[in-house]
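For reference, work.cif (mmCIF, C-alpha atoms):
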```cif
data_coords
loop_
_atom_site.label_atom_id
_atom_site.label_comp_id
_atom_site.auth_asym_id
_atom_site.auth_seq_id
_atom_site.Cartn_x
_atom_site.Cartn_y
_atom_site.Cartn_z
CA MET A 1 18.40 -38.63 2.67
CA ALA A 2 16.47 -35.62 3.74
CA GLU A 3 15.28 -33.27 1.05
CA LEU A 4 14.79 -29.61 0.72
CA THR A 5 11.58 -28.15 -0.62
CA VAL A 6 12.58 -25.30 -2.84
CA VAL A 7 10.52 -22.52 -4.35
CA VAL A 8 11.87 -19.76 -6.54
CA VAL A 9 9.38 -16.94 -7.01
CA SER A 10 9.61 -13.66 -8.83
CA ALA A 11 7.27 -10.70 -8.50
CA ASP A 12 4.85 -11.94 -11.11
CA ARG A 13 5.00 -15.72 -10.95
CA GLU A 14 6.43 -18.86 -9.41
CA VAL A 15 9.53 -19.66 -11.40
CA TRP A 16 10.40 -23.08 -10.08
CA SER A 17 9.43 -25.37 -7.25
CA GLY A 18 10.35 -28.88 -6.32
CA ALA A 19 12.53 -31.10 -4.20
CA ALA A 20 16.28 -30.63 -4.06
CA THR A 21 19.28 -31.87 -2.16
CA ARG A 22 21.35 -28.72 -2.33
CA VAL A 23 20.88 -25.04 -3.05
CA VAL A 24 23.69 -22.59 -3.62
CA ALA A 25 22.98 -18.89 -3.75
CA ARG A 26 24.87 -15.65 -3.45
CA THR A 27 23.88 -13.38 -0.61
CA THR A 28 25.26 -9.98 0.24
CA GLU A 29 27.63 -11.76 2.64
CA GLY A 30 28.92 -14.21 0.06
CA GLU A 31 27.93 -17.57 -1.33
CA ILE A 32 25.79 -19.75 0.84
CA GLY A 33 25.26 -23.45 0.33
CA ILE A 34 22.21 -25.04 1.88
CA LEU A 35 21.73 -28.70 2.64
CA ALA A 36 18.88 -30.37 4.47
CA GLY A 37 18.89 -29.58 8.17
CA HIS A 38 20.32 -26.08 7.70
CA GLU A 39 19.50 -23.68 10.49
CA PRO A 40 16.82 -21.05 9.75
CA VAL A 41 18.39 -18.19 7.87
CA MET A 42 17.08 -15.15 6.15
CA GLY A 43 19.48 -13.36 3.88
CA LEU A 44 19.48 -10.83 1.10
CA VAL A 45 20.21 -12.15 -2.36
CA ALA A 46 22.95 -10.17 -3.99
CA GLY A 47 21.89 -11.05 -7.48
CA GLY A 48 23.42 -13.67 -9.67
CA GLU A 49 22.96 -17.33 -10.12
CA VAL A 50 21.11 -19.68 -7.82
CA ARG A 51 22.05 -23.31 -8.37
CA ILE A 52 19.65 -26.00 -7.31
CA LEU A 53 20.68 -29.64 -7.32
CA THR A 54 17.43 -31.56 -7.63
CA THR A 55 16.81 -34.95 -6.09
CA GLU A 56 17.02 -36.44 -9.60
CA GLY A 57 20.55 -35.14 -9.86
CA ASN A 58 19.89 -32.35 -12.34
CA THR A 59 21.18 -28.88 -11.76
CA ILE A 60 18.74 -26.05 -12.24
CA ARG A 61 20.28 -22.65 -12.69
CA ALA A 62 18.17 -19.62 -12.07
CA GLN A 63 19.15 -16.02 -12.50
CA ALA A 64 17.81 -14.06 -9.55
CA ASN A 65 17.95 -10.32 -9.24
CA GLY A 66 17.59 -8.67 -5.87
CA GLY A 67 15.37 -10.14 -3.22
CA PHE A 68 15.89 -12.47 -0.34
CA LEU A 69 16.33 -16.06 0.60
CA SER A 70 14.78 -17.77 3.54
CA VAL A 71 15.50 -21.20 4.92
CA ALA A 72 13.48 -22.90 7.62
CA ASN A 73 12.48 -26.48 8.35
CA ASP A 74 14.10 -27.72 5.14
CA ARG A 75 12.06 -25.27 3.14
CA VAL A 76 14.02 -22.85 0.97
CA SER A 77 12.38 -19.88 -0.67
CA VAL A 78 14.25 -17.66 -3.04
CA VAL A 79 12.16 -14.56 -3.56
CA ALA A 80 13.50 -12.30 -6.26
CA ASP A 81 12.27 -9.14 -7.95
CA ALA A 82 12.98 -10.85 -11.23
CA ALA A 83 14.07 -14.41 -11.74
CA GLU A 84 14.30 -16.84 -14.59
CA ILE A 85 15.62 -20.26 -15.29
CA VAL A 86 18.75 -20.34 -17.43
CA ASP A 87 19.83 -23.44 -19.27
CA MET B 1 -43.96 1.05 -46.94
CA GLY B 2 -45.42 3.65 -44.66
CA ALA B 3 -43.42 6.34 -42.97
CA GLN B 4 -44.11 4.93 -39.50
CA GLN B 5 -42.90 1.49 -40.41
CA ARG B 6 -39.75 2.96 -41.86
CA VAL B 7 -39.03 4.79 -38.59
CA TYR B 8 -39.37 1.59 -36.59
CA LYS B 9 -37.23 -0.41 -39.04
CA ALA B 10 -34.45 2.15 -38.68
CA LYS B 11 -34.67 1.96 -34.89
CA ILE B 12 -34.52 -1.83 -34.94
CA ASN B 13 -31.50 -1.73 -37.23
CA SER B 14 -29.54 0.68 -35.09
CA THR B 15 -30.44 -1.12 -31.86
CA SER B 16 -29.35 -4.47 -33.23
CA SER B 17 -26.00 -3.12 -34.36
CA LEU B 18 -25.52 -1.62 -30.88
CA ARG B 19 -26.48 -4.96 -29.43
CA LYS B 20 -23.74 -6.63 -31.44
CA ILE B 21 -21.19 -4.22 -29.99
CA PHE B 22 -22.40 -4.81 -26.42
CA LYS B 23 -22.34 -8.54 -26.92
CA ALA B 24 -18.79 -8.43 -28.29
CA MET B 25 -17.62 -6.29 -25.37
CA GLU B 26 -19.27 -8.67 -22.96
CA LEU B 27 -17.42 -11.62 -24.43
CA ILE B 28 -14.12 -9.77 -24.48
CA ALA B 29 -14.53 -8.77 -20.83
CA ALA B 30 -15.46 -12.34 -19.90
CA SER B 31 -12.29 -13.71 -21.42
CA ARG B 32 -10.20 -10.99 -19.82
CA ILE B 33 -11.55 -11.79 -16.36
CA GLN B 34 -9.92 -15.18 -16.62
CA LYS B 35 -6.64 -13.63 -17.67
CA ALA B 36 -6.73 -11.05 -14.89
CA VAL B 37 -7.52 -13.70 -12.29
CA ALA B 38 -4.71 -15.91 -13.58
CA ARG B 39 -2.29 -13.00 -13.29
CA ALA B 40 -3.41 -12.29 -9.75
CA GLN B 41 -2.91 -15.93 -8.87
CA ALA B 42 0.52 -16.04 -10.44
CA ALA B 43 1.64 -13.13 -8.30
CA SER B 44 0.30 -14.56 -5.08
CA PRO B 45 3.25 -16.86 -4.17
CA TYR B 46 5.48 -13.79 -4.14
CA ALA B 47 3.11 -11.83 -1.94
CA ARG B 48 2.81 -14.81 0.38
CA GLU B 49 6.57 -15.28 0.76
CA ILE B 50 7.14 -11.58 1.33
CA THR B 51 4.38 -11.41 3.92
CA ARG B 52 5.78 -14.42 5.69
CA ALA B 53 9.29 -12.99 5.69
CA VAL B 54 8.13 -9.61 6.97
CA SER B 55 6.15 -11.29 9.75
CA VAL B 56 9.25 -13.28 10.69
CA VAL B 57 11.46 -10.22 10.95
CA ALA B 58 8.77 -8.24 12.71
CA THR B 59 8.15 -10.92 15.32
CA GLN B 60 11.76 -11.91 15.91
CA SER B 61 13.51 -8.64 16.19
CA ASN B 62 12.62 -5.46 17.90
CA VAL B 63 13.93 -3.37 15.10
CA GLU B 64 12.25 -0.01 14.95
CA HIS B 65 11.58 0.94 11.40
CA THR B 66 9.98 4.18 10.32
CA LEU B 67 7.57 2.30 8.11
CA THR B 68 6.19 0.25 10.95
CA THR B 69 6.11 2.76 13.79
CA GLU B 70 3.08 4.91 14.33
CA PRO B 71 4.04 8.59 13.91
CA GLU B 72 3.38 10.82 16.91
CA SER B 73 0.93 12.95 15.05
CA ILE B 74 -0.67 12.39 11.70
CA ASP B 75 -1.15 15.65 9.86
CA ARG B 76 -1.48 14.52 6.30
CA ALA B 77 -2.68 11.28 4.83
CA ALA B 78 -2.24 10.08 1.27
CA VAL B 79 -5.19 8.39 -0.35
CA VAL B 80 -4.49 6.26 -3.39
CA VAL B 81 -7.63 5.66 -5.44
CA ILE B 82 -7.36 2.73 -7.82
CA GLY B 83 -9.91 3.11 -10.60
CA PRO B 84 -10.34 2.06 -14.22
CA ASP B 85 -8.88 3.64 -17.35
CA ARG B 86 -11.96 3.06 -19.43
CA GLY B 87 -15.66 3.35 -18.74
CA PHE B 88 -18.38 0.94 -19.84
CA ALA B 89 -18.09 -0.86 -16.54
CA GLY B 90 -21.33 0.20 -14.89
CA ALA B 91 -20.92 1.68 -11.44
CA TYR B 92 -17.40 0.29 -10.98
CA ALA B 93 -15.61 3.65 -11.05
CA ALA B 94 -18.39 5.44 -9.16
CA ASN B 95 -18.30 2.85 -6.37
CA VAL B 96 -14.59 3.01 -5.75
CA ILE B 97 -14.66 6.82 -5.86
CA ARG B 98 -17.54 6.88 -3.39
CA GLU B 99 -15.54 4.68 -1.03
CA ALA B 100 -12.59 7.07 -1.41
CA GLU B 101 -14.80 10.09 -0.74
CA GLU B 102 -16.06 8.48 2.45
CA LEU B 103 -12.52 7.85 3.60
CA ILE B 104 -11.47 11.39 2.73
CA THR B 105 -14.38 12.90 4.66
CA HIS B 106 -13.49 10.67 7.56
CA LEU B 107 -9.83 11.75 7.49
CA ARG B 108 -10.77 15.43 7.20
CA GLU B 109 -13.05 15.11 10.21
CA ALA B 110 -10.11 13.73 12.14
CA GLY B 111 -8.27 16.96 11.26
CA LYS B 112 -5.92 15.49 8.70
CA ASP B 113 -4.89 16.94 5.38
CA VAL B 114 -5.47 14.68 2.42
CA ALA B 115 -3.12 14.21 -0.53
CA LEU B 116 -4.77 12.46 -3.44
CA TYR B 117 -3.08 9.92 -5.67
CA THR B 118 -5.03 8.28 -8.46
CA VAL B 119 -4.58 5.27 -10.68
CA GLY B 120 -6.64 5.09 -13.85
CA ARG B 121 -8.04 7.75 -16.12
CA LYS B 122 -11.57 7.63 -14.70
CA ALA B 123 -10.40 8.35 -11.18
CA GLU B 124 -8.16 11.12 -12.48
CA THR B 125 -10.86 12.87 -14.51
CA TYR B 126 -13.32 12.66 -11.63
CA TYR B 127 -11.04 14.84 -9.52
CA THR B 128 -9.66 17.11 -12.24
CA PHE B 129 -13.22 17.87 -13.37
CA ARG B 130 -14.01 18.97 -9.85
CA ASP B 131 -10.84 21.02 -9.58
CA ARG B 132 -9.48 18.92 -6.76
CA ALA B 133 -5.73 18.83 -6.42
CA ILE B 134 -4.11 15.51 -7.30
CA ALA B 135 -0.63 14.91 -5.95
CA LYS B 136 0.15 12.38 -8.65
CA SER B 137 -1.77 10.23 -11.05
CA TRP B 138 -0.89 7.15 -13.03
CA THR B 139 -2.84 5.98 -16.04
CA GLY B 140 -2.71 3.43 -18.80
CA PHE B 141 -2.27 0.15 -16.96
CA SER B 142 -5.47 -0.43 -15.01
CA GLU B 143 -6.34 -3.51 -17.06
CA ALA B 144 -2.96 -5.19 -16.98
CA PRO B 145 -0.79 -3.80 -14.18
CA SER B 146 2.78 -5.06 -14.12
CA GLY B 147 5.24 -5.38 -11.27
CA ALA B 148 7.06 -2.32 -12.58
CA ASP B 149 3.86 -0.25 -12.35
CA ALA B 150 3.42 -1.24 -8.72
CA ARG B 151 7.04 -0.36 -8.05
CA THR B 152 6.68 3.11 -9.58
CA ILE B 153 3.71 3.78 -7.35
CA GLY B 154 5.47 2.30 -4.33
CA GLU B 155 8.57 4.44 -4.87
CA GLU B 156 6.55 7.63 -5.25
CA LEU B 157 4.59 6.89 -2.09
CA LEU B 158 7.68 6.05 -0.06
CA GLU B 159 9.29 9.25 -1.22
CA ALA B 160 6.25 11.22 -0.07
CA PHE B 161 6.29 9.34 3.22
CA GLU B 162 9.92 10.18 3.88
CA LYS B 163 9.47 13.90 3.28
CA SER B 164 8.61 16.14 6.16
CA PHE B 165 5.12 17.57 6.49
CA ASP B 166 6.25 21.04 5.39
CA ALA B 167 7.80 19.65 2.22
CA GLY B 168 4.50 18.05 1.32
CA GLY B 169 5.19 14.72 2.94
CA VAL B 170 2.53 12.40 4.29
CA ASP B 171 2.33 10.51 7.56
CA GLU B 172 0.12 7.67 6.51
CA ILE B 173 -1.01 6.11 3.27
CA TYR B 174 -4.31 4.51 2.39
CA LEU B 175 -5.16 2.37 -0.61
CA VAL B 176 -8.71 2.46 -1.94
CA SER B 177 -9.42 -0.28 -4.43
CA THR B 178 -11.99 -2.80 -5.49
CA VAL B 179 -11.42 -6.29 -4.17
CA TYR B 180 -12.36 -9.08 -6.53
CA ARG B 181 -13.93 -12.05 -4.76
CA SER B 182 -15.75 -13.75 -7.60
CA ALA B 183 -17.22 -12.84 -10.97
CA VAL B 184 -20.32 -11.47 -9.25
CA ASP B 185 -18.87 -10.36 -5.94
CA ARG B 186 -16.58 -7.37 -5.65
CA GLN B 187 -16.30 -4.73 -3.02
CA PRO B 188 -14.60 -1.36 -2.89
CA GLU B 189 -12.43 -1.27 0.21
CA TYR B 190 -9.78 0.87 1.82
CA ARG B 191 -6.79 -0.33 3.73
CA ARG B 192 -3.96 1.47 5.42
CA LEU B 193 -0.69 0.75 3.69
CA ILE B 194 1.75 2.73 5.82
CA PRO B 195 2.49 2.64 8.74
CA LEU B 196 2.42 -1.07 8.23
CA GLU B 197 0.41 -3.40 10.29
CA VAL B 198 1.79 -6.67 9.07
CA VAL B 199 -1.21 -8.75 8.21
CA GLU B 200 -1.59 -11.95 6.31
CA GLU B 201 -2.41 -10.59 2.88
CA GLU B 202 -5.77 -11.92 1.84
CA SER B 203 -4.93 -14.39 -0.85
CA ALA B 204 -5.38 -13.55 -4.50
CA PRO B 205 -8.75 -14.38 -6.02
CA GLY B 206 -9.50 -18.04 -6.18
CA THR B 207 -6.43 -19.36 -4.40
CA GLY B 208 -8.24 -20.01 -1.15
CA ALA B 209 -6.30 -19.94 2.09
CA ALA B 210 -2.70 -18.80 1.90
CA GLY B 211 -1.12 -22.18 2.36
CA GLY B 212 -2.19 -22.66 5.96
CA ASP B 213 1.29 -21.83 7.25
CA ASP B 214 2.05 -22.72 10.78
CA GLN B 215 2.43 -19.32 12.32
CA VAL B 216 5.08 -20.28 14.87
CA PHE B 217 8.31 -19.28 13.20
CA PRO B 218 11.62 -20.92 14.00
CA LEU B 219 14.42 -18.67 15.19
CA TYR B 220 16.12 -17.20 12.16
CA ASP B 221 19.61 -15.97 11.60
CA PHE B 222 19.65 -12.77 9.65
CA GLU B 223 22.21 -12.00 7.03
CA PRO B 224 23.65 -9.36 7.13
CA SER B 225 21.43 -8.11 9.99
CA ALA B 226 17.78 -7.89 10.91
CA GLU B 227 17.79 -4.15 10.21
CA GLN B 228 19.18 -4.53 6.73
CA VAL B 229 16.89 -7.41 5.90
CA LEU B 230 13.91 -5.38 7.06
CA ASP B 231 15.13 -2.37 5.10
CA ALA B 232 15.17 -4.43 1.95
CA LEU B 233 11.94 -6.27 2.66
CA LEU B 234 9.57 -3.50 3.59
CA PRO B 235 9.60 -1.58 0.30
CA ARG B 236 9.07 -4.89 -1.49
CA TYR B 237 6.24 -5.76 0.84
CA ILE B 238 4.61 -2.44 0.04
CA ASP B 239 5.09 -3.01 -3.69
CA ALA B 240 3.62 -6.48 -3.35
CA ARG B 241 0.55 -5.12 -1.57
CA ILE B 242 0.08 -2.41 -4.18
CA GLN B 243 0.52 -4.99 -6.90
CA ALA B 244 -2.03 -7.29 -5.26
CA ALA B 245 -4.50 -4.41 -5.02
CA LEU B 246 -3.93 -3.44 -8.67
CA LEU B 247 -4.38 -7.00 -9.92
CA SER B 248 -7.50 -7.55 -7.88
CA ALA B 249 -8.90 -4.25 -9.13
CA ALA B 250 -8.11 -5.23 -12.73
CA ALA B 251 -10.07 -8.46 -12.34
CA ALA B 252 -12.93 -6.59 -10.67
CA GLU B 253 -12.95 -4.04 -13.49
CA GLN B 254 -13.37 -6.73 -16.12
CA ALA B 255 -16.06 -8.45 -14.09
CA ALA B 256 -17.93 -5.16 -13.71
CA ARG B 257 -17.58 -4.50 -17.43
CA GLN B 258 -18.89 -7.92 -18.32
CA GLN B 259 -21.91 -7.44 -16.08
CA ALA B 260 -22.63 -3.97 -17.43
CA MET B 261 -22.36 -5.17 -21.02
CA LYS B 262 -24.60 -8.13 -20.30
CA THR B 263 -27.26 -5.76 -18.95
CA ALA B 264 -26.83 -3.55 -22.01
CA THR B 265 -27.27 -6.55 -24.33
CA ASP B 266 -30.40 -7.62 -22.48
CA ASN B 267 -31.81 -4.10 -22.68
CA ALA B 268 -31.09 -3.96 -26.41
CA ASP B 269 -32.94 -7.26 -26.80
CA ASP B 270 -35.95 -5.80 -24.97
CA LEU B 271 -35.86 -2.68 -27.12
CA ILE B 272 -35.67 -4.69 -30.34
CA LYS B 273 -38.66 -6.74 -29.21
CA THR B 274 -40.69 -3.62 -28.38
CA TYR B 275 -39.83 -1.94 -31.68
CA THR B 276 -40.66 -5.11 -33.63
CA ARG B 277 -44.10 -5.21 -31.98
CA MET B 278 -44.66 -1.55 -32.75
CA ALA B 279 -43.54 -2.04 -36.35
CA ASN B 280 -45.98 -4.95 -36.69
CA THR B 281 -48.81 -2.88 -35.28
CA ALA B 282 -47.97 -0.09 -37.72
CA ARG B 283 -47.94 -2.57 -40.60
CA GLN B 284 -51.29 -4.01 -39.53
CA ALA B 285 -52.79 -0.55 -39.23
CA GLU B 286 -51.54 0.33 -42.67
CA ILE B 287 -53.05 -2.85 -44.20
CA THR B 288 -56.33 -2.27 -42.41
CA GLN B 289 -56.40 1.24 -43.73
CA GLU B 290 -55.66 0.08 -47.28
CA ILE B 291 -58.44 -2.54 -47.10
CA SER B 292 -60.95 -0.08 -45.81
CA GLU B 293 -59.93 2.34 -48.56
CA ILE B 294 -60.43 -0.36 -51.24
CA VAL B 295 -63.71 -1.50 -49.75
CA GLY B 296 -64.83 2.11 -49.48
CA GLY B 297 -63.87 2.65 -53.13
CA VAL B 298 -65.74 -0.48 -54.30
CA ASP B 299 -68.77 0.60 -52.32
CA ALA B 300 -68.65 4.05 -53.86
CA LEU B 301 -68.29 2.60 -57.40
CA ALA B 302 -71.12 0.09 -56.79
CA ALA B 303 -73.34 2.88 -55.49
CA SER B 304 -72.59 5.10 -58.50
CA GLY B 305 -73.14 2.15 -60.95
CA ALA B 306 -76.52 1.30 -59.38
CA SER B 307 -77.70 4.87 -59.67
CA ASP B 308 -76.97 4.90 -63.42
#
```
Any chance you could put this one into C-alpha cells?
Amino acid sequence: MAELTVVVVSADREVWSGAATRVVARTTEGEIGILAGHEPVMGLVAGGEVRILTTEGNTIRAQANGGFLSVANDRVSVVADAAEIVD
Amino acid sequence: MGAQQRVYKAKINSTSSLRKIFKAMELIAASRIQKAVARAQAASPYAREITRAVSVVATQSNVEHTLTTEPESIDRAAVVVIGPDRGFAGAYAANVIREAEELITHLREAGKDVALYTVGRKAETYYTFRDRAIAKSWTGFSEAPSGADARTIGEELLEAFEKSFDAGGVDEIYLVSTVYRSAVDRQPEYRRLIPLEVVEEESAPGTGAAGGDDQVFPLYDFEPSAEQVLDALLPRYIDARIQAALLSAAAAEQAARQQAMKTATDNADDLIKTYTRMANTARQAEITQEISEIVGGVDALAASGASD
C-alpha cells in the first residue's frame, strides 16, 4: 500500500517526520483526511489536533497552532507556528 | 628585588590574568557557535516549507498581493540593521554597520527617505550616538533570537509597510545582516525583504542544498482560496526570513567573538613573553651591577690594606 511521507514542522524545529498511511487535520474549511494518492491541496490549519496514523499502526497526535498544510505527490507537510506531539 | 623588576612582574601578572579572561571568552564563544548553528539548522525545515508554499501560490495563481507588487513610486525605505548586543567581537558590529551605511547612501542617492530599524544594542548606540533618528530598535536577543522575536519585528515592519507615506509608512524594506557561512567565513549582506521577490532562501548554515526539490509544482487546490492562503503565508514567510537572518547573524556574532578573543589571547601571550624577557634583562643587569659593586669594594679594600 502506498505511503505518505509526513513532516510536521514548527517555527523553530522539525517536530515529527516519517511514513504514514493516513493524516487527519483540521483546516479552516473543516476536517480533512488524507490518504495516499490525494490530490495536491494547500490549506490553512485552523489549529487543533493533527492525527497521523503511522505505517506501524501507531497514532501520533500533534497539537498544531496556526499555519498551513500542503499535500503533493504523497508528501504531506504540516507547517505550524507552534506544534508539539501530545501523548 | 629592584624597582624595575617589580614593575615588569606586575605587568606580567596583570597580562596573564587578562589572558585568562580572553581564553575563557574564546572557549565560551566557541561552544556557543555550535549552539547557534544548531538552532539555525533546526529552524531551516520551517523556512524551506514556507518558501516552497509561497512559491507554489505565487506561481499557480495570479493573485495580486500588496506585499509582492512593486509600488509605483518608492519614497521611503526601511533599513533593518541586525547587529550584536555586546562588543568584544572584533569588527563584527562595524562591518555590518558599514554595509548598512553603504545601502543608506545608495538609497538616499536614489532620492528615497530612509527609516532606520535596529536590532542589537551596538547597532542602536551607533546611531543614537550620532543623533540619527531610529524608527524602532530591538535589543536583548541578538545571541539567541526566538521565533517570537522575529514575529515582533515582522509585525512592526508590516505595520509600517501598510501605512501611507504621510503617516510615516515605508514602501520597501531592506534587511542588513551578517550571513554565517562557516566559522571563518561570514559576510555582511543586505537583501530586500518587501516587496517580496520569492527566492529559494539560502539554506541555514551547514545544511547544504535545500533538499533539491523538483521545482515543477503539481497543480494545487487551495483551501479556502488562493488569496486567503497567500494572506496567511506571506507574513509567515517574512517572519521566517527575518528569523533566518537573526539566527545566521547570531552564529556569525559568536564566530566573530571567538576569533577576536583568540587574537586577544595570542597578543597577551606575546606581551607576557616580551615582559618576561625584559624582566630577565633587568634581573641580569641588577646582578651584574651587584657583582661589580662587590668587586669594586674588594678592590678598594685590598688597595687600602696594601697601602697600610
Legend entry - Distance in Å - CA of Ile134 in chain B versus CA of Leu116 in chain B: 5.0 Å
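All chain B residues having an atom within 7 Å of chain A, based on all atoms listed in the file, amount to Ala42, Ala43, Pro45, Tyr46, Gly147, Pro218, Leu219, Tyr220, Asp221, Phe222, Glu223, Pro224 and Val229 of chain B.
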Inset, instruction - Extract, using all atoms listed in the file, all DNA, RNA and protein residues at most 7 Å from Leu175 in chain B, discarding same-chain residues fewer than 4 positions from it, and format them as an MDAnalysis selection string. - result: chainID B and resid 79:81 190:193
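Here CA of Ala250 in chain B and CA of Glu143 in chain B stand 5.0 Å from one another.
Of the listed residues (B:Thr152, B:Gln259, B:Thr66, B:Thr276), B:Thr276 comes nearest to Asn13 in chain B; the distances count all atoms listed in the file.
Computed from the coordinates, the CA of Arg130 in chain B to CA of Ser142 in chain B distance equals 21.8 Å.
Distance annotation: of A:Val50, A:Val86, A:Thr21, A:Gly57, the residue with the minimal separation from Ala2 in chain A is A:Thr21; atom set is only C-alpha atoms.
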Inset, instruction - For each of A:Trp16, A:Thr59, A:Leu4, A:Arg26, take the minimum atom-to-atom distance to Glu84 in chain A, counting all atoms listed in the file, then give the residue where this is smallest. - result: A:Trp16
Run the PyMOL selection byres ((chain A and resi 19) around 12) against the file shown and list the residues it catches, as a CSV table (one decimal) with C-alpha atoms, in the frame of the given file.
```
chain,number,residue,atom,x,y,z
A,1,MET,CA,18.4,-38.6,2.7
A,2,ALA,CA,16.5,-35.6,3.7
A,3,GLU,CA,15.3,-33.3,1.0
A,4,LEU,CA,14.8,-29.6,0.7
A,5,THR,CA,11.6,-28.2,-0.6
A,6,VAL,CA,12.6,-25.3,-2.8
A,7,VAL,CA,10.5,-22.5,-4.4
A,8,VAL,CA,11.9,-19.8,-6.5
A,16,TRP,CA,10.4,-23.1,-10.1
A,17,SER,CA,9.4,-25.4,-7.2
A,18,GLY,CA,10.4,-28.9,-6.3
A,20,ALA,CA,16.3,-30.6,-4.1
A,21,THR,CA,19.3,-31.9,-2.2
A,22,ARG,CA,21.4,-28.7,-2.3
A,23,VAL,CA,20.9,-25.0,-3.0
A,35,LEU,CA,21.7,-28.7,2.6
A,36,ALA,CA,18.9,-30.4,4.5
A,52,ILE,CA,19.6,-26.0,-7.3
A,53,LEU,CA,20.7,-29.6,-7.3
A,54,THR,CA,17.4,-31.6,-7.6
A,55,THR,CA,16.8,-35.0,-6.1
A,56,GLU,CA,17.0,-36.4,-9.6
A,57,GLY,CA,20.6,-35.1,-9.9
A,58,ASN,CA,19.9,-32.4,-12.3
A,59,THR,CA,21.2,-28.9,-11.8
A,60,ILE,CA,18.7,-26.0,-12.2
A,74,ASP,CA,14.1,-27.7,5.1
A,75,ARG,CA,12.1,-25.3,3.1
A,76,VAL,CA,14.0,-22.8,1.0
A,77,SER,CA,12.4,-19.9,-0.7
```
